[in-house]
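Colleague: My file is input39.tsv. It has TSV, C-alpha atoms:
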```tsv
chain	number	residue	atom	x	y	z
Q	1	MET	CA	-78.82	63.41	-0.17
Q	2	PRO	CA	-77.96	63.85	-3.86
Q	3	TYR	CA	-77.33	67.36	-5.16
Q	4	PRO	CA	-79.12	68.81	-8.18
Q	5	GLU	CA	-77.70	67.28	-11.32
Q	6	LEU	CA	-77.16	70.75	-12.75
Q	7	MET	CA	-74.52	71.35	-10.06
Q	8	ILE	CA	-72.89	67.99	-10.52
Q	9	ALA	CA	-72.71	67.80	-14.30
Q	10	PRO	CA	-69.58	69.96	-14.70
Q	11	MET	CA	-67.78	67.85	-12.09
Q	12	ARG	CA	-68.70	64.69	-13.95
Q	13	GLN	CA	-67.55	66.20	-17.24
Q	14	GLU	CA	-64.24	67.32	-15.74
Q	15	VAL	CA	-63.45	63.61	-15.37
Q	16	THR	CA	-65.23	62.02	-18.34
Q	17	ARG	CA	-63.64	64.44	-20.81
Q	18	LEU	CA	-60.33	62.85	-19.86
Q	19	GLY	CA	-61.55	59.58	-21.35
Q	20	VAL	CA	-62.60	58.10	-18.01
Q	21	GLN	CA	-65.77	55.99	-18.29
Q	22	GLU	CA	-68.50	56.96	-15.86
Q	23	LEU	CA	-70.39	54.12	-14.20
Q	24	LYS	CA	-73.89	54.91	-12.97
Q	25	THR	CA	-75.41	51.52	-12.32
Q	26	VAL	CA	-74.48	48.29	-10.59
Q	27	ALA	CA	-74.58	46.51	-13.93
Q	28	GLU	CA	-72.15	49.01	-15.43
Q	29	VAL	CA	-69.79	48.56	-12.48
Q	30	ASP	CA	-69.86	44.80	-12.76
Q	31	ALA	CA	-69.33	44.97	-16.50
Q	32	ALA	CA	-66.29	47.18	-16.00
Q	33	LEU	CA	-64.70	45.55	-12.97
Q	34	GLY	CA	-66.09	42.02	-13.02
Q	35	ASP	CA	-63.41	41.00	-15.48
Q	36	ALA	CA	-60.48	41.07	-13.10
Q	37	GLU	CA	-57.72	40.66	-15.64
Q	38	GLY	CA	-55.36	43.60	-16.16
Q	39	THR	CA	-55.28	47.00	-14.55
Q	40	ALA	CA	-58.19	49.30	-13.76
Q	41	PHE	CA	-58.09	52.77	-12.23
Q	42	VAL	CA	-61.17	53.80	-10.29
Q	43	PHE	CA	-61.74	57.47	-9.45
Q	44	VAL	CA	-64.40	58.10	-6.81
Q	45	ASN	CA	-65.60	61.58	-7.63
Q	46	SER	CA	-67.14	63.87	-5.04
Q	47	MET	CA	-69.00	67.12	-4.61
Q	48	CYS	CA	-66.56	68.19	-1.89
Q	49	GLY	CA	-64.84	71.31	-3.12
Q	50	CYS	CA	-61.90	71.32	-0.75
Q	51	ALA	CA	-60.75	67.81	-1.68
Q	52	ALA	CA	-62.28	66.87	-5.02
Q	53	GLY	CA	-61.50	70.37	-6.29
Q	54	GLY	CA	-57.86	69.33	-6.15
Q	55	ALA	CA	-58.32	65.69	-7.12
Q	56	ARG	CA	-59.95	66.28	-10.50
Q	57	PRO	CA	-57.23	68.58	-11.84
Q	58	ALA	CA	-54.69	66.14	-10.42
Q	59	LEU	CA	-56.21	63.32	-12.42
Q	60	ALA	CA	-55.99	65.45	-15.55
Q	61	LYS	CA	-52.33	66.16	-14.89
Q	62	ALA	CA	-51.56	62.50	-14.23
Q	63	LEU	CA	-53.28	61.34	-17.40
Q	64	ALA	CA	-51.49	63.98	-19.45
Q	65	GLY	CA	-48.13	62.66	-18.30
Q	66	SER	CA	-45.99	60.02	-19.90
Q	67	ALA	CA	-46.45	57.29	-17.29
Q	68	PRO	CA	-47.99	54.05	-18.53
Q	69	LYS	CA	-51.77	54.05	-18.19
Q	70	PRO	CA	-54.11	51.41	-16.77
Q	71	GLY	CA	-56.08	49.19	-19.10
Q	72	LYS	CA	-59.36	50.66	-17.87
Q	73	MET	CA	-60.22	53.99	-16.28
Q	74	VAL	CA	-63.62	54.37	-14.65
Q	75	THR	CA	-65.34	56.73	-12.26
Q	76	VAL	CA	-68.35	56.83	-9.99
Q	77	PHE	CA	-69.84	59.87	-8.26
Q	78	ALA	CA	-70.17	59.37	-4.50
Q	79	GLY	CA	-73.28	60.83	-2.94
Q	80	GLN	CA	-74.99	60.93	-6.32
Q	81	ASP	CA	-74.90	57.50	-7.90
Q	82	LEU	CA	-75.32	55.67	-4.64
Q	83	GLU	CA	-75.78	52.09	-5.80
Q	84	ALA	CA	-72.95	52.25	-8.32
Q	85	THR	CA	-70.63	53.75	-5.70
Q	86	ALA	CA	-71.52	51.08	-3.16
Q	87	ARG	CA	-70.87	48.41	-5.76
Q	88	VAL	CA	-67.50	49.86	-6.70
Q	89	ARG	CA	-66.52	49.91	-3.04
Q	90	SER	CA	-67.40	46.24	-2.77
Q	91	TYR	CA	-64.44	45.61	-5.07
Q	92	PHE	CA	-62.08	47.48	-2.72
Q	93	GLY	CA	-61.93	44.78	-0.04
Q	94	ALA	CA	-60.58	46.08	3.27
Q	95	TYR	CA	-60.20	49.66	2.04
Q	96	GLN	CA	-62.62	51.99	3.78
Q	97	PRO	CA	-65.00	54.24	1.86
Q	98	SER	CA	-64.00	57.84	1.35
Q	99	SER	CA	-64.55	60.41	-1.32
Q	100	PRO	CA	-62.85	61.65	-3.25
Q	101	SER	CA	-60.48	58.73	-3.51
Q	102	ALA	CA	-58.83	56.61	-6.15
Q	103	ALA	CA	-57.89	52.97	-6.46
Q	104	LEU	CA	-55.64	51.17	-8.85
Q	105	MET	CA	-56.61	47.53	-9.25
Q	106	LYS	CA	-54.59	44.78	-10.85
Q	107	ASN	CA	-56.09	41.39	-11.61
Q	108	GLY	CA	-58.94	42.13	-9.21
Q	109	GLU	CA	-56.83	43.30	-6.26
Q	110	VAL	CA	-56.26	46.83	-5.03
Q	111	VAL	CA	-52.57	47.55	-5.50
Q	112	ALA	CA	-52.66	51.28	-4.70
Q	113	PHE	CA	-55.20	53.44	-2.94
Q	114	ILE	CA	-55.29	57.19	-2.50
Q	115	HIS	CA	-57.59	58.07	0.37
Q	116	ARG	CA	-59.36	61.33	0.93
Q	117	HIS	CA	-56.99	62.12	3.79
Q	118	GLU	CA	-54.12	61.92	1.29
Q	119	ILE	CA	-55.88	64.41	-0.98
Q	120	GLU	CA	-57.03	67.05	1.50
Q	121	GLY	CA	-54.84	70.11	1.63
Q	122	ARG	CA	-52.52	68.87	-1.11
Q	123	SER	CA	-51.96	70.61	-4.41
Q	124	PRO	CA	-53.06	69.02	-7.70
Q	125	ASP	CA	-49.37	68.51	-8.52
Q	126	GLN	CA	-48.82	66.55	-5.32
Q	127	ILE	CA	-51.89	64.40	-5.89
Q	128	ALA	CA	-50.96	63.87	-9.52
Q	129	SER	CA	-47.55	62.63	-8.40
Q	130	ALA	CA	-49.19	60.00	-6.22
Q	131	ILE	CA	-51.40	58.83	-9.09
Q	132	THR	CA	-48.45	58.77	-11.49
Q	133	ALA	CA	-46.35	56.81	-9.02
Q	134	ALA	CA	-49.08	54.16	-8.84
Q	135	PHE	CA	-49.27	53.98	-12.64
Q	136	GLU	CA	-45.50	53.63	-12.93
Q	137	ALA	CA	-45.36	50.94	-10.27
Q	138	HIS	CA	-48.19	48.77	-11.57
Q	139	CYS	CA	-49.08	49.59	-15.17
Q	140	ALA	CA	-45.81	49.07	-16.96
R	1	MET	CA	-55.83	74.06	-2.23
R	2	SER	CA	-54.11	74.41	1.09
R	3	GLY	CA	-55.75	77.03	3.24
R	4	MET	CA	-58.64	77.48	0.84
R	5	VAL	CA	-61.97	77.42	2.63
R	6	LEU	CA	-64.75	76.51	0.25
R	7	HIS	CA	-67.45	76.09	2.85
R	8	PRO	CA	-68.61	79.56	3.92
R	9	GLY	CA	-69.22	79.83	7.63
R	10	HIS	CA	-66.88	77.00	8.55
R	11	ASP	CA	-63.34	77.12	9.86
R	12	ASP	CA	-60.14	76.04	8.12
R	13	LEU	CA	-60.35	72.47	9.40
R	14	HIS	CA	-63.85	71.85	8.10
R	15	GLY	CA	-63.86	68.68	6.01
R	16	ILE	CA	-60.28	67.80	6.89
R	17	THR	CA	-59.38	64.43	8.39
R	18	VAL	CA	-57.91	65.10	11.81
R	19	LEU	CA	-56.59	63.30	14.86
R	20	VAL	CA	-58.03	64.46	18.17
R	21	GLU	CA	-56.57	63.57	21.55
R	22	GLY	CA	-58.98	63.18	24.46
R	23	THR	CA	-58.47	63.65	28.21
R	24	SER	CA	-59.82	60.11	28.60
R	25	GLY	CA	-56.87	58.77	26.62
R	26	ARG	CA	-59.06	58.04	23.63
R	27	THR	CA	-57.82	58.90	20.15
R	28	TYR	CA	-60.30	60.05	17.54
R	29	VAL	CA	-59.70	60.13	13.78
R	30	GLY	CA	-62.34	61.57	11.52
R	31	ARG	CA	-63.40	64.59	9.53
R	32	TRP	CA	-63.61	67.83	11.47
R	33	HIS	CA	-67.01	69.46	10.98
R	34	GLU	CA	-67.11	72.38	13.38
R	35	ARG	CA	-66.34	73.58	16.87
R	36	GLN	CA	-69.31	74.43	19.05
R	37	GLU	CA	-69.60	75.64	22.61
R	38	ARG	CA	-70.35	72.11	23.78
R	39	GLY	CA	-67.42	70.59	21.89
R	40	VAL	CA	-66.23	69.47	18.49
R	41	VAL	CA	-68.49	67.90	15.91
R	42	MET	CA	-66.80	65.18	13.84
R	43	ARG	CA	-67.99	63.12	10.87
R	44	ASP	CA	-67.16	59.52	9.98
R	45	THR	CA	-64.98	58.99	13.00
R	46	ALA	CA	-63.06	56.02	14.37
R	47	ILE	CA	-62.10	55.81	18.04
R	48	LEU	CA	-59.20	54.04	19.71
R	49	GLU	CA	-59.67	53.22	23.37
R	50	PRO	CA	-56.85	53.85	25.88
R	51	GLY	CA	-54.42	51.00	26.31
R	52	SER	CA	-54.61	49.85	22.71
R	53	ASP	CA	-51.67	49.82	20.30
R	54	ARG	CA	-52.01	53.30	18.86
R	55	ASP	CA	-49.16	53.08	16.38
R	56	ALA	CA	-50.55	49.91	14.85
R	57	TRP	CA	-54.05	51.39	14.73
R	58	LEU	CA	-52.85	54.55	13.03
R	59	ALA	CA	-50.82	52.55	10.53
R	60	GLN	CA	-53.92	50.51	9.73
R	61	LEU	CA	-55.95	53.68	9.17
R	62	ARG	CA	-53.27	55.21	6.98
R	63	LYS	CA	-53.18	52.15	4.75
R	64	PHE	CA	-56.85	51.18	4.62
R	65	GLY	CA	-58.59	54.43	5.48
R	66	VAL	CA	-60.75	55.53	8.38
R	67	PRO	CA	-63.66	53.23	9.20
R	68	PRO	CA	-66.74	55.42	9.68
R	69	GLU	CA	-67.70	53.97	13.07
R	70	HIS	CA	-69.59	57.13	14.02
R	71	ARG	CA	-71.28	59.09	11.26
R	72	THR	CA	-71.61	62.10	13.55
R	73	LEU	CA	-69.84	62.43	16.88
R	74	VAL	CA	-69.59	65.24	19.39
R	75	ILE	CA	-66.38	65.29	21.40
R	76	GLN	CA	-67.32	67.18	24.51
R	77	ALA	CA	-65.31	70.31	25.30
R	78	GLU	CA	-63.94	68.82	28.52
R	79	GLU	CA	-62.74	65.75	26.60
R	80	PHE	CA	-60.97	67.73	23.88
R	81	VAL	CA	-57.20	68.15	24.35
R	82	SER	CA	-55.67	68.80	20.94
R	83	VAL	CA	-56.21	68.44	17.23
R	84	GLY	CA	-53.84	67.86	14.33
R	85	LYS	CA	-54.14	66.90	10.70
R	86	PHE	CA	-54.16	63.13	10.29
```
Turn the structure described in the file into structure tokens.
Modeller:
Amino acid sequence: MPYPELMIAPMRQEVTRLGVQELKTVAEVDAALGDAEGTAFVFVNSMCGCAAGGARPALAKALAGSAPKPGKMVTVFAGQDLEATARVRSYFGAYQPSSPSAALMKNGEVVAFIHRHEIEGRSPDQIASAITAAFEAHCA
Amino acid sequence: MSGMVLHPGHDDLHGITVLVEGTSGRTYVGRWHERQERGVVMRDTAILEPGSDRDAWLAQLRKFGVPPEHRTLVIQAEEFVSVGKF
């Protein structure tokens, strides 16, 4: 069940202020990811404090670093924007849904995926390192 | 964030993806919700039956994530052997 938007708004803004485009509809998802060419980073945001509370600062740290960046950076909010999130996950192929999570796609294929279980209990620095490693491996 | 409990009333494992061993030989991977008198409540859990290739199954889950075969599952107290972080 979606949470009140008033609670969610700061969590959305913590990501969008980094220059990450938020996708709220199926049409927006298809417009962003339908063109498979190049690299796209997808951050699946979440209300969960114990995991997403580390993932969002990690994303900020990764984007502030010097690693090459993907051509597109988009986000959906799991549990809130249900249809957009389901649509994004349809692009992930065999990767199972979890939130928070992050995928790096290249030419329409997932080339790196950070699952929730790889975020839980880790510091923002550790999560940022995983994101940065994906950027360095696939976005150069 | 390690050790930080942001869900008042829940234990340290709440929301964490764990691996539970069962007396039946089953292996459970999912998010720990809470421990009750009757057993452990798990969310979005996958189960491996005894006799299957556990290493291959765990490798699959680590790469592709945990398929949410059971949205909510209670592992009965007599089935529960041990728990560890996945």
Colleague: Using only C-alpha atoms, find the one residue out of Q:Ala78, Q:Ala140, Q:Cys50, Q:Val88 that sits nearest to chain R.
Modeller: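 Nearest to chain R: Q:Cys50.
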Colleague: If I take atom CA of Phe80 of chain R and atom CA of Thr17 of chain R, how far is one from the other in Å, to one decimal?
Modeller: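 Pair atom CA of Phe80 of chain R / atom CA of Thr17 of chain R returns 15.9 Å.
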Colleague: Which is closer to His117 of chain Q than all the others in R:Leu61, R:Val20, R:Ala77, R:Val40, using only C-alpha atoms?
Modeller: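 Closest candidate: R:Leu61.
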Colleague: Do me a favour and pick out the residues of chain Q within 9 Å of chain R, using only C-alpha atoms, as a list of chain:residue names.
Modeller: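 The complete set of qualifying residues is Q:Cys48, Q:Gly49, Q:Cys50, Q:Ala51, Q:Gly53, Q:Gly54, Q:Ala94, Q:Tyr95, Q:Gln96, Q:Pro97, Q:Ser98, Q:Phe113, Q:His115, Q:Arg116, Q:His117, Q:Glu118, Q:Glu120, Q:Gly121, Q:Arg122, Q:Ser123, Q:Pro124.
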Colleague: Could you tell me, as a ChimeraX atom specification, which residues have any atom at most 6 Å from (-65.4, 55.0, -11.2), counting all atoms listed in the file?
Modeller: /Q:22-23,42-44,74-76
Colleague: Between Q:Lys24, Q:Lys72, Q:Arg87, Q:Lys61, which is the closest to Ala130 of chain Q once you count only C-alpha atoms?
Modeller: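 Nearest to Ala130 of chain Q: Q:Lys61.
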Colleague: Within 9 Å of Leu18 of chain Q, counting all atoms listed in the file, which residues qualify if same-chain residues fewer than 6 places away don't, as number ranges by chain?
Modeller: Q: 59-60, 63-64
Colleague: How big is the axis-aligned box around all listed atoms of segment 25-28 of chain R once 4 Å goes on each side, and where's its centre, in Å to one decimal, as lines of an AutoDock Vina configuration file?
Modeller:
```
center_x = -58.6
center_y = 59.0
center_z = 22.1
size_x = 11.4
size_y = 10.0
size_z = 17.1
```
Colleague: Could you tell me how far atom CA of Gly22 of chain R lies from atom CA of Pro50 of chain R, in Å and to one decimal?
Modeller: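 One can read the atom CA of Gly22 of chain R to atom CA of Pro50 of chain R distance as 9.7 Å.
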Colleague: Any idea what's packed within 9 Å of segment 102-109 of chain Q, counting all atoms listed in the file, ignoring anything in its chain fewer than 4 positions away? Could you give it as a PyMOL selection string?
Modeller: chain Q and resi 33-45+70+75+91-93+113-116+131+134-135+138-139
Colleague: Using all atoms listed in the file, which of Q:Val26, Q:Ala62, Q:Met47, Q:Ala112 sits nearest Gln80 of chain Q?
Modeller: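 The answer is Q:Met47, which sits nearest to Gln80 of chain Q.
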Colleague: May I ask for the distance between atom CA of Glu79 of chain R and atom CA of Trp32 of chain R, given in Å to one decimal place?
Modeller: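 Between atom CA of Glu79 of chain R and atom CA of Trp32 of chain R the gap works out to 15.3 Å.
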Colleague: How would you write as a list of chain:residue names the residues that get within 12 Å of (-67.4, 72.7, 13.6) in the file's frame, counting all atoms listed in the file?
Modeller: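 So the residues meeting the distance criterion are R:His7, R:Pro8, R:Gly9, R:His10, R:Asp11, R:Asp12, R:Leu13, R:His14, R:Gly15, R:Ile16, R:Arg31, R:Trp32, R:His33, R:Glu34, R:Arg35, R:Gln36, R:Glu37, R:Arg38, R:Gly39, R:Val40, R:Val41, R:Met42, R:Arg43, R:Thr72, R:Leu73, R:Val74, R:Ile75.
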Colleague: Could you check which of Q:Glu136, Q:Asp30, Q:Arg89, Q:Phe77 is closest to Pro10 of chain Q, using all atoms listed in the file?
Modeller: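 Checking each candidate against Pro10 of chain Q, we get Q:Phe77 as the closest.
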Colleague: Smallest atom-to-atom distance to Lys69 of chain Q: which of Q:Val20, Q:Ser90, Q:Val29, Q:Pro2, using all atoms listed in the file?
Modeller: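 Of Q:Val20, Q:Ser90, Q:Val29, Q:Pro2, the one nearest Lys69 of chain Q is Q:Val20, counting all atoms listed in the file.
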